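**Student:** If it helps, the file is called model.cif and holds mmCIF, C-alpha atoms:
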data_run
#
loop_
_atom_site.label_atom_id
_atom_site.label_comp_id
_atom_site.auth_asym_id
_atom_site.auth_seq_id
_atom_site.Cartn_x
_atom_site.Cartn_y
_atom_site.Cartn_z
CA MET A 156 105.58 89.12 100.72
CA PRO A 157 105.78 86.30 98.18
CA GLY A 158 108.94 85.19 96.43
CA ILE A 159 108.98 83.34 93.11
CA ASP A 160 108.14 79.92 94.56
CA GLU A 161 105.33 81.24 96.75
CA SER A 162 103.80 83.03 93.76
CA LEU A 163 103.94 79.89 91.62
CA LEU A 164 102.48 77.76 94.41
CA GLU A 165 99.69 80.29 94.78
CA ALA A 166 98.98 80.00 91.05
CA MET A 167 98.84 76.22 91.46
CA ARG A 168 96.00 76.60 93.98
CA LEU A 169 93.73 77.89 91.21
CA PRO A 170 91.17 75.29 90.15
CA GLY A 171 92.47 73.17 87.25
CA ALA A 172 96.09 74.38 87.51
CA ARG A 173 98.52 71.78 86.14
CA GLY A 174 101.80 73.69 86.04
CA ALA A 175 103.16 77.18 86.57
CA SER A 176 106.47 78.82 85.77
CA LEU A 177 108.26 82.16 85.65
CA VAL A 178 110.21 82.57 82.41
CA ASP A 179 112.55 85.16 80.89
CA TRP A 180 111.26 85.92 77.40
CA ILE A 181 114.59 87.02 75.95
CA SER A 182 116.90 84.30 77.22
CA GLY A 183 114.28 81.53 77.53
CA LEU A 184 115.33 80.69 81.10
CA ALA A 185 112.81 79.29 83.58
CA LEU A 186 113.52 81.20 86.81
CA GLY A 187 111.14 78.92 88.68
CA ALA A 188 108.62 76.18 87.97
CA VAL A 189 106.14 74.05 89.93
CA GLY A 190 103.75 71.25 89.00
CA GLU A 191 103.76 69.43 85.69
CA ALA A 192 105.68 70.77 82.71
CA PRO A 193 103.65 70.98 79.49
CA GLY A 194 105.57 68.61 77.20
CA GLY A 195 107.39 67.08 80.17
CA ASP A 196 110.47 69.33 80.27
CA TRP A 197 110.43 72.78 81.88
CA GLU A 198 113.59 73.96 80.16
CA ALA A 199 112.28 73.12 76.70
CA THR A 200 108.85 74.55 77.47
CA ALA A 201 110.37 77.78 78.77
CA ALA A 202 112.56 78.23 75.69
CA GLU A 203 109.61 77.65 73.36
CA THR A 204 107.09 79.83 75.15
CA ALA A 205 109.73 82.56 75.51
CA GLU A 206 110.13 82.73 71.76
CA LEU A 207 106.38 83.02 71.35
CA ALA A 208 106.10 85.66 74.08
CA ARG A 209 108.98 87.64 72.61
CA HIS A 210 107.24 87.94 69.26
CA VAL A 211 104.11 89.20 70.98
CA ALA A 212 106.03 91.54 73.30
CA GLU A 213 107.90 93.05 70.38
CA SER A 214 104.89 93.26 68.11
CA GLY A 215 104.27 96.75 66.81
CA SER A 216 100.84 95.81 65.49
CA LEU A 217 99.26 94.28 68.58
CA ALA A 218 100.04 97.27 70.76
CA ALA A 219 99.28 99.84 68.09
CA ALA A 220 95.69 100.61 69.10
CA GLY A 221 95.76 103.21 71.85
CA ALA A 222 99.46 102.72 72.25
CA GLY A 223 100.33 104.70 75.33
CA PRO A 224 103.79 105.25 76.70
CA ALA A 225 105.20 102.19 74.96
CA GLY A 226 104.09 103.42 71.56
CA SER A 227 105.40 106.90 72.08
CA ALA A 228 108.68 105.54 73.43
CA ARG A 229 109.36 103.93 70.09
CA PRO A 230 112.62 105.65 69.32
CA ALA A 231 112.20 107.09 65.85
CA VAL A 232 114.29 109.97 67.13
CA PRO A 233 117.28 108.58 68.97
CA ALA A 234 118.04 110.46 72.14
CA ALA A 235 121.18 110.06 74.20
CA ALA A 236 119.03 109.43 77.22
CA PRO A 237 120.58 108.01 80.38
CA ALA A 238 119.38 104.79 81.91
CA VAL A 239 115.65 104.48 81.40
CA ALA A 240 113.49 102.40 83.68
CA PRO A 241 111.95 99.74 81.45
CA GLU A 242 108.64 99.81 83.32
CA GLU A 243 106.53 100.74 80.30
CA GLU A 244 107.20 97.47 78.55
CA PRO A 245 105.98 95.23 77.19
CA PRO A 246 102.85 96.80 75.73
CA VAL A 247 100.94 93.49 75.82
CA GLU A 248 99.56 92.38 79.20
CA ASP A 249 98.81 88.74 78.60
CA MET A 250 98.15 86.08 76.00
CA ILE A 251 96.04 82.93 75.94
CA ALA A 252 96.50 79.76 73.92
CA THR A 253 93.66 77.22 73.96
CA THR A 254 94.17 73.54 73.17
CA ALA A 255 91.68 70.64 73.13
CA ASP A 256 92.07 70.04 76.85
CA ALA A 257 93.89 73.05 78.30
CA TYR A 258 94.51 76.76 78.43
CA HIS A 259 97.95 78.35 78.49
CA LEU A 260 97.85 81.73 80.14
CA ILE A 261 100.94 83.90 79.81
CA ARG A 262 101.07 87.07 81.90
CA PHE A 263 103.88 89.60 81.38
CA VAL A 264 105.37 90.89 84.62
CA SER A 265 106.38 94.52 84.70
CA THR A 266 109.31 95.44 86.96
CA PRO A 267 110.99 98.78 87.77
CA PHE A 268 114.41 97.29 86.88
CA ASP A 269 115.64 95.40 83.82
CA SER A 270 113.86 92.07 83.66
CA THR A 271 111.92 90.44 80.87
CA VAL A 272 109.73 87.84 82.57
CA PHE A 273 106.28 86.34 82.32
CA LEU A 274 104.18 83.97 84.40
CA HIS A 275 102.99 80.88 82.51
CA LEU A 276 99.99 78.99 83.89
CA TRP A 277 98.90 75.69 82.37
CA LEU A 278 95.21 75.22 83.14
CA ASP A 279 92.95 72.22 82.62
CA ARG A 280 90.12 73.23 80.33
CA ASN A 281 87.39 71.28 82.16
CA ASP A 282 88.34 72.22 85.72
CA GLY A 283 89.84 75.63 85.14
CA ASN A 284 88.14 79.01 85.12
CA LEU A 285 89.94 81.14 82.57
CA ALA A 286 88.39 84.46 83.61
CA LEU A 287 89.25 83.91 87.27
CA ALA A 288 92.75 82.70 86.43
CA ARG A 289 93.39 85.76 84.31
CA ILE A 290 92.46 88.11 87.15
CA ARG A 291 94.39 86.15 89.76
CA LEU A 292 97.52 85.87 87.64
CA SER A 293 97.50 89.61 87.09
CA GLU A 294 97.30 90.16 90.87
CA MET A 295 100.09 87.65 91.45
CA ALA A 296 102.31 89.40 88.91
CA ASP A 297 101.84 92.68 90.79
CA ARG A 298 102.43 91.13 94.22
CA LEU A 299 105.56 89.35 93.04
CA VAL A 300 107.15 92.66 92.14
CA LEU A 301 105.50 95.10 94.54
CA GLY A 302 105.02 92.83 97.58
CA MET B 126 134.41 75.88 106.84
CA THR B 127 133.99 73.39 104.06
CA ARG B 128 136.42 70.55 103.74
CA VAL B 129 137.47 70.21 100.13
CA THR B 130 138.56 66.67 99.54
CA THR B 131 139.32 66.45 95.84
CA THR B 132 141.36 68.96 93.91
CA TRP B 133 139.32 71.24 91.68
CA THR B 134 142.64 72.33 90.18
CA THR B 135 142.92 69.14 88.15
CA HIS B 136 140.12 70.36 85.89
CA GLU B 137 140.91 72.16 82.67
CA THR B 138 137.78 74.32 82.62
CA THR B 139 135.84 76.47 85.06
CA SER B 140 132.67 74.49 84.39
CA ALA B 141 134.41 71.19 85.21
CA ALA B 142 135.88 72.71 88.38
CA LEU B 143 132.40 73.91 89.37
CA GLY B 144 131.05 70.42 88.76
CA ALA B 145 133.68 68.91 91.05
CA LEU B 146 133.02 71.51 93.76
CA ALA B 147 129.27 70.91 93.45
CA ALA B 148 129.78 67.18 93.88
CA GLU B 149 131.66 67.90 97.12
CA GLY B 150 128.95 70.26 98.33
CA ALA B 151 131.61 72.95 98.60
CA THR B 152 131.11 76.47 99.91
CA GLY B 153 133.36 79.26 98.68
CA ALA B 154 134.31 81.46 95.74
CA LEU B 155 135.79 80.19 92.49
CA SER B 156 137.60 82.88 90.49
CA GLY B 157 138.01 82.62 86.75
CA GLU B 158 139.33 84.93 84.10
CA ARG B 159 136.04 86.81 83.74
CA GLY B 160 134.43 86.67 87.15
CA ILE B 161 133.75 84.90 90.42
CA VAL B 162 131.22 82.15 91.16
CA TYR B 163 130.03 81.86 94.77
CA LEU B 164 128.91 78.44 95.94
CA ALA B 165 127.03 77.44 99.08
CA ALA B 166 126.71 73.73 99.83
CA GLY B 167 127.56 72.96 96.21
CA ARG B 168 124.96 75.28 94.68
CA VAL B 169 125.53 78.58 92.90
CA VAL B 170 124.33 81.46 95.07
CA HIS B 171 125.91 84.40 93.28
CA VAL B 172 128.12 85.27 90.30
CA GLU B 173 130.01 88.48 89.61
CA SER B 174 131.66 89.62 86.41
CA ALA B 175 133.21 92.92 85.35
CA PHE B 176 131.34 92.48 82.05
CA THR B 177 127.89 92.68 83.65
CA PRO B 178 126.12 95.18 85.92
CA ASP B 179 125.79 93.81 89.44
CA LEU B 180 122.58 93.78 91.46
CA GLY B 181 123.26 97.24 92.91
CA ALA B 182 123.77 98.77 89.47
CA LEU B 183 120.63 97.11 88.09
CA LEU B 184 118.52 98.29 91.02
CA THR B 185 119.84 101.81 91.56
CA ARG B 186 120.50 102.94 88.02
CA SER B 187 117.01 101.93 86.94
CA GLY B 188 115.57 103.86 89.90
CA ALA B 189 114.01 100.72 91.41
CA VAL B 190 115.93 101.40 94.65
CA ALA B 191 117.32 104.81 95.60
CA ALA B 192 121.13 104.84 95.79
CA ASP B 193 120.96 105.95 99.45
CA GLY B 194 118.71 103.02 100.26
CA TRP B 195 121.01 100.57 98.52
CA TRP B 196 124.11 101.79 100.35
CA ASP B 197 122.23 101.84 103.64
CA ALA B 198 121.41 98.15 103.10
CA VAL B 199 125.04 97.47 102.18
CA ASP B 200 126.25 99.31 105.29
CA ARG B 201 123.85 97.60 107.66
CA GLY B 202 123.76 94.17 106.08
CA GLY B 203 127.15 93.77 104.40
CA ARG B 204 129.09 92.51 107.36
CA GLN B 205 126.59 89.78 108.16
CA ALA B 206 126.17 89.02 104.44
CA ARG B 207 122.50 89.98 104.62
CA VAL B 208 122.22 92.86 102.16
CA GLY B 209 119.43 91.18 100.22
CA HIS B 210 117.42 90.58 103.40
CA ARG B 211 117.99 94.19 104.50
CA LEU B 212 116.56 95.47 101.22
CA VAL B 213 113.41 93.41 101.69
CA ASP B 214 113.06 93.88 105.46
CA SER B 215 113.38 97.65 105.16
CA GLY B 216 110.60 97.67 102.57
CA ARG B 217 112.78 98.96 99.76
CA LEU B 218 112.19 95.97 97.52
CA ALA B 219 109.63 93.16 97.33
CA ALA B 220 110.95 89.66 97.96
CA GLY B 221 109.93 88.52 94.49
CA ALA B 222 111.55 91.54 92.85
CA LEU B 223 114.81 90.82 94.68
CA GLU B 224 114.76 87.20 93.49
CA VAL B 225 113.99 88.12 89.89
CA CYS B 226 116.72 90.77 89.77
CA HIS B 227 119.23 88.54 91.58
CA LEU B 228 118.67 85.60 89.23
CA GLY B 229 118.91 87.98 86.30
CA ALA B 230 122.29 89.24 87.49
CA LEU B 231 123.50 85.73 88.44
CA PHE B 232 122.86 84.15 85.05
CA ASP B 233 124.09 87.26 83.26
CA ALA B 234 127.48 87.16 84.99
CA ALA B 235 127.65 83.36 84.70
CA TYR B 236 127.33 83.64 80.95
CA PHE B 237 130.54 85.66 80.79
CA VAL B 238 132.41 83.55 83.32
CA LEU B 239 131.63 80.42 81.30
CA ALA B 240 131.68 81.93 77.79
CA HIS B 241 135.43 81.39 77.66
CA ASP B 242 135.55 78.29 79.72
CA THR B 243 139.22 78.39 80.67
CA ARG B 244 140.94 76.99 83.74
CA ALA B 245 139.75 78.53 87.01
CA HIS B 246 142.33 80.64 88.84
CA ARG B 247 141.63 79.90 92.46
CA PHE B 248 139.08 78.74 94.99
CA ARG B 249 138.62 80.42 98.35
CA PRO B 250 136.94 77.86 100.61
CA GLY B 251 134.30 79.31 102.91
CA ALA B 252 134.12 82.68 101.14
CA VAL B 253 130.61 84.13 101.32
CA HIS B 254 129.22 86.96 99.19
CA TRP B 255 128.06 90.04 101.10
CA LEU B 256 124.71 89.99 99.36
CA GLY B 257 123.73 86.89 101.33
CA ALA B 258 121.34 84.09 100.48
CA VAL B 259 118.65 84.98 97.95
CA ARG B 260 118.14 81.97 95.69
CA SER B 261 120.49 79.16 94.79
CA VAL B 262 120.77 77.29 91.50
CA PRO B 263 122.35 73.87 90.80
CA VAL B 264 125.70 74.11 88.99
CA ASP B 265 124.54 71.92 86.11
CA VAL B 266 121.56 74.21 85.47
CA VAL B 267 123.88 77.23 85.26
CA VAL B 268 126.33 75.46 82.95
CA ARG B 269 123.54 74.16 80.68
CA GLU B 270 121.87 77.58 80.53
CA CYS B 271 125.12 79.28 79.53
CA GLY B 272 125.56 76.80 76.66
CA ARG B 273 121.98 77.39 75.56
CA ARG B 274 122.53 81.17 75.63
CA ARG B 275 125.64 80.85 73.49
CA ALA B 276 123.72 78.80 70.93
CA LEU B 277 120.86 81.34 70.94
CA LEU B 278 123.25 84.19 70.08
CA ASP B 279 124.79 82.18 67.27
CA ARG B 280 121.36 81.40 65.84
CA ILE B 281 120.55 85.13 65.76
CA TRP B 282 123.79 86.29 64.11
CA PRO B 283 126.93 84.14 64.25
CA ASP B 284 129.49 86.90 64.79
CA PRO B 285 130.97 86.82 68.31
CA ASP B 286 132.95 90.02 67.65
CA ILE B 287 129.73 91.97 68.19
CA ASP B 288 129.91 90.95 71.88
CA THR B 289 133.31 92.44 72.63
CA VAL B 290 134.45 95.20 70.24
CA PRO B 291 133.31 98.86 69.98
CA LEU B 292 130.19 99.06 67.83
CA THR B 293 128.98 101.56 65.29
CA ARG B 294 125.77 102.22 63.40
CA VAL B 295 125.67 101.33 59.73
CA PRO B 296 125.36 104.67 57.88
CA ASP B 297 122.08 105.29 56.06
CA ALA B 298 120.45 102.17 57.41
CA GLY B 299 116.82 102.94 58.15
CA ALA B 300 115.76 101.97 61.66
CA ALA B 301 112.01 102.43 61.52
CA ALA B 302 109.70 100.86 64.08
CA LEU B 303 112.09 98.83 66.18
CA PRO B 304 110.81 97.11 69.32
CA VAL B 305 111.35 99.32 72.37
CA ARG B 306 114.35 97.50 73.84
CA ARG B 307 116.12 97.19 70.51
CA GLY B 308 115.57 100.83 69.67
CA ARG B 309 116.86 101.89 73.07
CA THR B 310 119.95 99.74 72.60
CA LEU B 311 120.58 101.25 69.18
CA THR B 312 120.58 104.79 70.62
CA GLN B 313 123.63 103.84 72.70
CA VAL B 314 125.71 102.58 69.77
CA ASP B 315 128.20 105.40 69.20
CA GLY B 316 131.29 103.93 67.56
CA VAL B 317 133.13 103.83 70.88
CA ARG B 318 131.24 101.71 73.37
CA THR B 319 131.25 97.95 73.58
CA ALA B 320 128.24 95.78 74.38
CA SER B 321 128.99 95.68 78.09
CA GLN B 322 129.43 99.46 78.21
CA ILE B 323 126.10 99.88 76.43
CA ALA B 324 124.48 97.51 78.93
CA SER B 325 125.97 99.51 81.78
CA ALA B 326 124.69 102.79 80.34
CA LEU B 327 121.18 101.33 80.04
CA ALA B 328 121.26 99.52 83.43
CA CYS B 329 120.44 96.38 81.48
CA ARG B 330 121.79 92.88 81.79
CA THR B 331 124.65 92.47 79.34
CA TYR B 332 123.50 89.17 77.79
CA HIS B 333 120.11 90.67 77.02
CA THR B 334 121.91 93.60 75.43
CA LEU B 335 123.98 91.16 73.35
CA VAL B 336 120.77 89.61 72.07
CA GLU B 337 119.49 93.01 70.93
CA LEU B 338 122.85 93.95 69.40
CA ARG B 339 123.11 90.69 67.47
CA ARG B 340 119.57 91.23 66.18
CA LEU B 341 120.56 94.77 65.16
CA ALA B 342 123.63 93.34 63.43
CA ALA B 343 121.48 90.74 61.67
CA ASP B 344 119.19 93.58 60.52
CA GLY B 345 122.21 95.40 59.07
CA LEU B 346 121.92 98.32 61.50
CA VAL B 347 124.99 97.76 63.66
CA THR B 348 128.48 96.56 62.90
CA ALA B 349 131.90 96.40 64.52
CA ALA B 350 133.54 99.84 64.55
CA PRO B 351 136.72 100.12 62.49
CA PRO B 352 139.79 100.22 64.73
CA ALA B 353 140.72 103.78 65.68
CA PRO B 354 143.79 105.13 63.84
CA ALA B 355 146.89 104.88 65.99
CA SER B 356 147.81 108.56 65.80
CA VAL B 357 144.59 110.29 66.80
CA ALA B 358 144.73 113.30 69.06
CA PRO B 359 145.26 112.47 72.71
CA GLY B 360 142.05 111.77 74.51
CA PRO B 361 140.45 109.12 76.63
CA SER B 362 140.91 105.68 75.19
CA PRO B 363 137.70 103.67 74.72
CA ARG B 364 138.52 101.81 77.89
CA ASP B 365 138.33 104.98 79.97
CA VAL B 366 134.87 105.98 78.83
CA VAL B 367 131.74 105.48 80.93
CA TRP B 368 132.92 102.22 82.36
CA ASP B 369 133.05 102.52 86.10
CA ASP B 370 131.54 99.24 87.18
CA PRO B 371 134.78 97.30 87.69
CA ASP B 372 136.04 100.14 89.89
CA THR B 373 132.96 100.21 92.07
CA ALA B 374 133.08 96.43 92.35
CA LEU B 375 136.71 96.62 93.40
CA LEU B 376 136.04 99.40 95.91
CA ARG B 377 133.17 97.49 97.38
CA ARG B 378 135.25 94.36 97.79
CA LEU B 379 138.02 96.42 99.33
CA ARG B 380 135.64 97.92 101.84
CA ASP B 381 134.21 94.52 102.70
CA ALA B 382 137.71 93.18 103.24
CA LEU B 383 138.54 96.09 105.54
CA GLU B 384 135.34 95.64 107.49
CA ALA B 385 136.10 91.97 107.93
CA LEU B 386 139.43 92.72 109.63
#
As structure tokens, please, write out the structure in this file.
**Tutor:**
Amino acid sequence: MPGIDESLLEAMRLPGARGASLVDWISGLALGAVGEAPGGDWEATAAETAELARHVAESGSLAAAGAGPAGSARPAVPAAAPAVAPEEEPPVEDMIATTADAYHLIRFVSTPFDSTVFLHLWLDRNDGNLALARIRLSEMADRLVLG
Amino acid sequence: MTRVTTTWTTHETTSAALGALAAEGATGALSGERGIVYLAAGRVVHVESAFTPDLGALLTRSGAVAADGWWDAVDRGGRQARVGHRLVDSGRLAAGALEVCHLGALFDAAYFVLAHDTRAHRFRPGAVHWLGAVRSVPVDVVVRECGRRRALLDRIWPDPDIDTVPLTRVPDAGAAALPVRRGRTLTQVDGVRTASQIASALACRTYHTLVELRRLAADGLVTAAPPAPASVAPGPSPRDVVWDDPDTALLRRLRDALEAL
């Protein structure tokens, strides 16, 4: 059963992987990081990508089409509900940014308790395989939380 | 256990005391006004604060771990300080999930311990938390992160009162289409509860609740509740309402102390 470091090291075994981290998208904290940091500083990278991820995670427009439980959970009618497991969020699964020489793949991790984290994989554009990385990162996100 | 050579007491702030203890590679528990920081070999392994839900509250009240399962792990693993391992070994929680939740709780509590960075009260050398080793974090990373979190809150809405006083909704303010977390937080604002009570009710980390509340305040949806008139009918004071976490934390510590006898 992989912990954070094992999951990140597994991500680094993907062809073309340059750096991988697990980041909280509300606080901007890097819970773990391996390999090279894009921009040279993991803390700064985490804070920046967290802000980007937060906007996407909170976007009403991106998740609007076929919005399932997350859309219907939008509390137009406030209910005095007890603690709710935040498993339905965020509505977006992943996001990809492409630069001249790299891909940034950000995969939201869904947990049965309160956490707001994503996996960030920095992938070389020549050596990396984006489709493969996307599938693998999704599997890693599940294994990290479910074992 | 650990020989402490310099005196952490000479430092005016908890963060400076932590720095000195880290430099010594100390193991033990440093108590401050708002919580306790556990060190192992100079690194932070756990932090507790009455202002934040602990790991057990985050896991059980969200339904991630059944309460029976949690207490079984505490019963079987508490004495050897291996509760975290018990949870994973018994298949109740994945190793990664434990680490993510533990780090979430650690940094959440640390924020409150260091938010008012006053002089630390005492250090118990050799004290070990019953949760046991999960992940450790360098002291300077924790201190830097807490400063960054403070700055983030102030960028959102520079009113620290929102973090501590009872909160109320702004009448007639339209709250259409809020993001899920923010909307859920808003439903708990009732004119009585404080941010940490709202976090407890939602089984959410308190800092992350503060972020949502400051955004709600910036949007003009939430504000500090006016102080209750002094002569209201007798009833529970705000402090007595829905806020049982400090008591459970105390009971748990008491039980651990008794078991250790």
**Student:** Using only C-alpha atoms, find each residue in chain B having at least one atom no more than 6 Å away from chain A; report its shortest atom-to-atom pair and that distance in Å (one decimal), rows by chain then rising number, as a Markdown table.
**Tutor:**
| residue | atom | partner | partner_atom | distance |
| --- | --- | --- | --- | --- |
| B:Leu184 | CA | A:Phe268 | CA | 5.9 |
| B:Ser187 | CA | A:Ala240 | CA | 4.8 |
| B:Ala189 | CA | A:Pro267 | CA | 5.1 |
| B:Ala219 | CA | A:Gly302 | CA | 4.6 |
| B:Ala220 | CA | A:Gly158 | CA | 5.1 |
| B:Gly221 | CA | A:Gly158 | CA | 4.0 |
| B:Ala222 | CA | A:Val300 | CA | 4.6 |
| B:Pro304 | CA | A:Glu213 | CA | 5.1 |
| B:Val305 | CA | A:Arg229 | CA | 5.5 |
| B:Gly308 | CA | A:Pro230 | CA | 5.7 |
| B:Thr312 | CA | A:Pro233 | CA | 5.3 |
| B:Ala326 | CA | A:Ala238 | CA | 5.9 |
| B:Leu327 | CA | A:Ala238 | CA | 4.3 |
| B:Ala328 | CA | A:Ala238 | CA | 5.8 |
| B:Cys329 | CA | A:Asp269 | CA | 5.4 |
**Student:** If you measure from atom CA of B:Arg274 to atom CA of A:Arg262, what distance in Å do you get, rounded to one decimal?
**Tutor:**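 Taking atom CA of B:Arg274 as the start and atom CA of A:Arg262 as the end point, the length is 23.1 Å.
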**Student:** Check the smallest atom-to-atom distance from each of A:Ala175, A:Ala166, A:Ala188, A:Ile261 to A:Leu207 using only C-alpha atoms, then report the winner.
**Tutor:**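 Smallest distance to A:Leu207 is found for A:Ile261.
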**Student:** Using Å and a single decimal, report how far atom CA of B:Thr152 sits from atom CA of B:Gly167.
**Tutor:**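 Distance between the two atoms: 6.2 Å.
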**Student:** Could you list the residues chosen by the PyMOL selection byres ((chain B and resi 340-350) around 6) in this structure as a list in words?
**Tutor:**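 Output from the PyMOL selection byres ((chain B and resi 340-350) around 6), applied to this file: Trp282, Pro291, Leu292, Thr293, Arg294, Val295, Ala298, Gly316, Glu337, Leu338, Arg339 and Pro351 of chain B.
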**Student:** State, in Å with one decimal place, the distance from atom CA of B:Gly188 to atom CA of B:His333.
**Tutor:**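 Atom CA of B:Gly188 sits 19.0 Å away from atom CA of B:His333.
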**Student:** In terms of the shortest atom-to-atom distance over only C-alpha atoms, which of B:Asp288, B:Glu270, B:Asp233, B:Asp242 is closest to B:His171?
**Tutor:** B:Asp233
**Student:** What would the selection look like, as a list in words, if the PyMOL selection byres ((chain B and resi 319-321) around 7) were run on the coordinates I just shared?
**Tutor:** Phe176, Thr177, Asp288, Thr289, Val290, Pro291, Leu292, Val317, Arg318, Gln322, Ile323, Ala324, Ser325, Thr331, Thr334 and Leu335 of chain B
**Student:** On this file, the PyMOL selection byres ((chain B and resi 235) around 8) gives some set of residues; write that set as a PyMOL selection string.
**Tutor:** chain B and resi 160+162+172-174+231-234+236-239+267+271
**Student:** Residues at most 10 Å from A:Trp277, counting all atoms listed in the file, excluding those fewer than 3 positions away in the same chain, as a list in words?
**Tutor:** Ala166, Met167, Gly171, Ala172, Arg173, Gly174, Ala175, Ser176, Gly190, Glu191, Ala192, Pro193, Ala252, Ala257, Tyr258, His259, Leu260, Ile261, Arg280 and Gly283 of chain A
**Student:** How would the residues just picked look written out with C-alpha atoms as a tab-separated table (two decimals), in the frame of the given file?
**Tutor:**
chain	number	residue	atom	x	y	z
A	166	ALA	CA	98.98	80.00	91.05
A	167	MET	CA	98.84	76.22	91.46
A	171	GLY	CA	92.47	73.17	87.25
A	172	ALA	CA	96.09	74.38	87.51
A	173	ARG	CA	98.52	71.78	86.14
A	174	GLY	CA	101.80	73.69	86.04
A	175	ALA	CA	103.16	77.18	86.57
A	176	SER	CA	106.47	78.82	85.77
A	190	GLY	CA	103.75	71.25	89.00
A	191	GLU	CA	103.76	69.43	85.69
A	192	ALA	CA	105.68	70.77	82.71
A	193	PRO	CA	103.65	70.98	79.49
A	252	ALA	CA	96.50	79.76	73.92
A	257	ALA	CA	93.89	73.05	78.30
A	258	TYR	CA	94.51	76.76	78.43
A	259	HIS	CA	97.95	78.35	78.49
A	260	LEU	CA	97.85	81.73	80.14
A	261	ILE	CA	100.94	83.90	79.81
A	280	ARG	CA	90.12	73.23	80.33
A	283	GLY	CA	89.84	75.63	85.14
**Student:** Might you pull out every residue within 9 Å of B:His246, with all atoms listed in the file counted and same-chain residues fewer than 5 positions away left off, and present them as a PyMOL selection string?
**Tutor:** chain B and resi 134+139+155-158
**Student:** For B:Leu164, please output as an mmCIF file with C-alpha atoms, keeping the file's coordinate frame all residues within 9 Å (counting all atoms listed in the file; exclusion window: fewer than 2 positions along the same chain).
**Tutor:**
data_model
loop_
_atom_site.group_PDB
_atom_site.id
_atom_site.type_symbol
_atom_site.label_atom_id
_atom_site.label_comp_id
_atom_site.auth_asym_id
_atom_site.auth_seq_id
_atom_site.Cartn_x
_atom_site.Cartn_y
_atom_site.Cartn_z
ATOM 1 C CA LEU B 143 132.400 73.910 89.370
ATOM 2 C CA LEU B 146 133.020 71.510 93.760
ATOM 3 C CA ALA B 147 129.270 70.910 93.450
ATOM 4 C CA GLY B 150 128.950 70.260 98.330
ATOM 5 C CA ALA B 151 131.610 72.950 98.600
ATOM 6 C CA THR B 152 131.110 76.470 99.910
ATOM 7 C CA GLY B 153 133.360 79.260 98.680
ATOM 8 C CA ALA B 154 134.310 81.460 95.740
ATOM 9 C CA LEU B 155 135.790 80.190 92.490
ATOM 10 C CA VAL B 162 131.220 82.150 91.160
ATOM 11 C CA ALA B 166 126.710 73.730 99.830
ATOM 12 C CA GLY B 167 127.560 72.960 96.210
ATOM 13 C CA ARG B 168 124.960 75.280 94.680
ATOM 14 C CA VAL B 169 125.530 78.580 92.900
ATOM 15 C CA VAL B 170 124.330 81.460 95.070
ATOM 16 C CA HIS B 171 125.910 84.400 93.280
ATOM 17 C CA VAL B 172 128.120 85.270 90.300
ATOM 18 C CA GLY B 251 134.300 79.310 102.910
ATOM 19 C CA ALA B 252 134.120 82.680 101.140
ATOM 20 C CA VAL B 253 130.610 84.130 101.320
ATOM 21 C CA SER B 261 120.490 79.160 94.790
ATOM 22 C CA VAL B 264 125.700 74.110 88.990
#
